Amino acid sequence: MTVTQHAPGGEATHLTDADVVVLGAGAAGLMCAIAAGARGRRVLVLDHANKVGKKILMSGGGRCNFTNTGTTPANFLSVNPHFCKSALARYTPADFIAMVERHGIAYHEKELGQLFCDESSKQIVRMLLDEAAAVGAQVRTHCAIDAVEPVGERHFRLRTSQGTLDCGALVVATGGLSIPSMGASGFGYQLARQFGHEVLATRAGLVPLTLSGRPLERLQDLAGLSLQVEAGCNGASFRNAMLVTHRGLSGPAILQISSYWQPGDDLRIDLLPGEDANAWLAARQRARGEAELRTVLGDVLPRRFAQRLCEAWLPSRPMKQYTPAQLREVAATLAAWPVVPSGTEGYRTAEVTLGGVDTAGLSSSTMMSRHVPGLHFIGEVVDVTGWLGGYNFQWAWASGHAAGQAV
Ligand SMILES: Cc1cc2nc3c(=O)[nH]c(=O)nc-3n(C[C@H](O)[C@H](O)[C@H](O)COP(=O)(O)OP(=O)(O)OC[C@H]3O[C@@H](n4cnc5c(N)ncnc54)[C@H](O)[C@@H]3O)c2cc1C
């Protein structure tokens with residue numbers, strides 16, 4: 001395969017020959033290049049952005065939550081929950097950690113198996129580029145892909161801003177739609193459709209939820225306040241922090257549940273996670289009968305939040321005045337505080353895109369198209385989306401590695 005680049009002076013430059021072209025120099029694309037290069041394949045990675053791995057750089061608050069030691073297929077959403085199993089089993093968190101350790105990158109566990117760099121996400125990008133260089137894979141930035149045409153069996157022709165090239169294996173690793181300002185594009189979905197693949201409806205995931213009308217009015221001035229909750233929706237629930245924002249709700253518990261939320265659904269938020277609310281209230285009634293509900297709640301919830309809860313959702317009076325039936329009603333609200341979001345903050349702030357290339361059209365062991373030999377889809381562009389906590393990178397590494405073994 002040959003790439004011809006038109007240098008600023010107008011002179012055509014012969015760049016390289018390769019067997020495999022990977023579109024997208026993000027997490028999945030670079031891992032695929034490393035795995036394919038290690039097998040002796042000549043690999044070229046093309047990216048339209050001005051630098052590689054932008055999402056890696058901005059991830060984990062600049063420290064990249066690069067994997068989760070507790071990764072299992074249950075941590076992913078997909079129409080086919082079995083699809084991710086094969087790739088995840090063949091490239092595990094331990095495999096990625098071994099690479100990180102080989103490069104002397106210091107890391108730590110923050111919580112719940114989430115591993116972060118001690119210093120900077122830049123170290124992960126550097127590591128991937130060094131690994132790619134070590135196996136001879138080439139990476140080109142500033143390269144826009146104008147068109148991809150099938151020329152014959154296992155033969156694709158790419159028209160790019162740096163020239164036209166042919167290849168036998170094409171790996172699409174162009175990611176999802178989140179954070180368009182970082183180079184995200186719908187190009188992978190467009191390519192999938194062009195080659196006859198089904199693309200499942202996409203929506204923003206791991207994203208703050210918005211409120212409107214009365215609920216927003218009631219909470220807006222508490223923006224910045226955070227509390228531990230268990231947020232539930234559509235059979236899933238996550239115990240972690242919830243943050244009140246100027247537009248609605250955020251924080252890890254809300255980001256997690258946002259991936260399960262569909263417009264119109266209500267959330268059920270347990271404000272006393274891990275407690276039997278009824279037993280807890282009854283104990284407080286015995287111990288502090290003269291104290292008002294808002295004061296008692298203020299001992300375990302942020303005081304202003306407890307106050308607002310009692311102004312808008314719960315009747316507050318001295319604890320001794322509640323009958324057992326009334327206490328049960330209060331307990332029910334505390335255990336399942338109902339919130340109906342009006343929407344999400346959208347792709348502008350979402351960490352991931354749900355939906356994407358239908359796994360029914362792909363092999364789970366090679367990520368190759370079932371009907372276009374030589375064409376592979378990996379990473380976030382595929383309908384596999386992880387929870388918050390390093391799972392999305394683990395999917396990118398694992399699916400990239402799976403394709404890299406096969407191209
Ligand atoms: C703010 C933020 C923080 C995150 N933090 C974490 C975290 O800590 N842990 C975690 O596991 N996940 C995190 N994620 C999610 C994670 O970044 C993604 O799931 C992961 O990067 C997906 O990898 P990918 O290779 O499929 O896509 P990407 O990493 O998005 O890479 C896609 C690449 O394709 C290129 N591209 C796109 N369109 C074209 C085109 N038309 N032509 C050529 N190139 C193209 C892009 O420029 C990009 O380089 C975070 C996401 C965001 C937005």
# chains A, B, ... in the order shown; residues from 1 in each chain; ligands from 1

$ residues_around --residues "Asp383 in chain A" --least-positions-apart "6" --cutoff "9 Å" --atoms "only C-alpha atoms" --output "PyMOL selection string"
chain A and resi 77-80+199-200+202+353-359

$ write_last_selection --atoms "C-alpha atoms" --output "PDB file, in the first residue's frame"
ATOM      1  CA  LEU A  77     -24.137  -2.148  28.011  1.00  0.00           C
ATOM      2  CA  SER A  78     -24.903  -3.613  24.592  1.00  0.00           C
ATOM      3  CA  VAL A  79     -27.886  -5.058  22.797  1.00  0.00           C
ATOM      4  CA  ASN A  80     -25.857  -8.301  22.878  1.00  0.00           C
ATOM      5  CA  VAL A 199     -26.032   1.186  13.230  1.00  0.00           C
ATOM      6  CA  LEU A 200     -28.097   1.177  16.425  1.00  0.00           C
ATOM      7  CA  THR A 202     -26.797   6.499  19.447  1.00  0.00           C
ATOM      8  CA  THR A 353     -21.724   7.265  23.156  1.00  0.00           C
ATOM      9  CA  LEU A 354     -24.187   4.442  23.670  1.00  0.00           C
ATOM     10  CA  GLY A 355     -25.337   2.392  20.692  1.00  0.00           C
ATOM     11  CA  GLY A 356     -23.349   2.312  17.448  1.00  0.00           C
ATOM     12  CA  VAL A 357     -22.282  -0.437  15.050  1.00  0.00           C
ATOM     13  CA  ASP A 358     -24.539  -3.443  15.694  1.00  0.00           C
ATOM     14  CA  THR A 359     -22.515  -6.347  17.065  1.00  0.00           C
TER      15      THR A 359
END

$ residues_near_ligand --ligand "ligand 1" --cutoff "7 Å" --atoms "only C-alpha atoms and all ligand atoms" --output "ChimeraX atom specification"
/A:23-29,46-49,52-56,58-60,64-67,143-145,173-176,178-179,182-188,349-352,378-381,388-394,396

$ closest_residue --among "A:Leu267, A:Val151, A:Ala406, A:Val339" --to "His376 in chain A" --atoms "only C-alpha atoms"
A:Ala406

$ closest_residue --among "A:Val207, A:Val45, A:Ala74, A:Ala282" --to "Ser258 in chain A" --atoms "only C-alpha atoms"
A:Val207

$ select_by_dssp --residues "range 317-396 of chain A" --states "strand (DSSP E or B)" --output "ChimeraX atom specification"
/A:318,337-339,343-344,352-357,362,368-369,375-377,382,385-386

$ write_last_selection --atoms "C-alpha atoms" --output "compact mmCIF listing (two decimals), in the first residue's frame"
# COMPACT_ATOMS: atom_id res chain seq x y z
CA PRO A 318 -41.05 16.73 65.78
CA TRP A 337 -36.80 9.82 46.13
CA PRO A 338 -38.41 10.23 42.68
CA VAL A 339 -36.69 12.52 40.18
CA GLY A 343 -32.87 15.40 29.47
CA THR A 344 -29.09 15.09 29.44
CA VAL A 352 -19.26 8.02 25.95
CA THR A 353 -21.72 7.27 23.16
CA LEU A 354 -24.19 4.44 23.67
CA GLY A 355 -25.34 2.39 20.69
CA GLY A 356 -23.35 2.31 17.45
CA VAL A 357 -22.28 -0.44 15.05
CA LEU A 362 -19.34 -8.49 13.65
CA MET A 368 -14.37 -8.36 11.61
CA SER A 369 -17.46 -7.65 9.57
CA LEU A 375 -13.19 -4.70 7.48
CA HIS A 376 -13.07 -4.42 11.31
CA PHE A 377 -14.74 -2.14 13.87
CA VAL A 382 -19.19 -0.49 18.35
CA THR A 385 -20.35 0.82 26.30
CA GLY A 386 -18.72 0.50 29.70

$ residues_around --residues "Ile34 in chain A" --least-positions-apart "6" --cutoff "12 Å" --atoms "only C-alpha atoms" --output "VMD selection string"
chain A and resid 20 22 25 27 to 28 40 to 45 99 127 to 139 397 400 to 405 407

$ closest_residue --among "A:Val300, A:Leu206, A:Ala287, A:Ala33" --to "Leu255 in chain A" --atoms "only C-alpha atoms"
A:Leu206
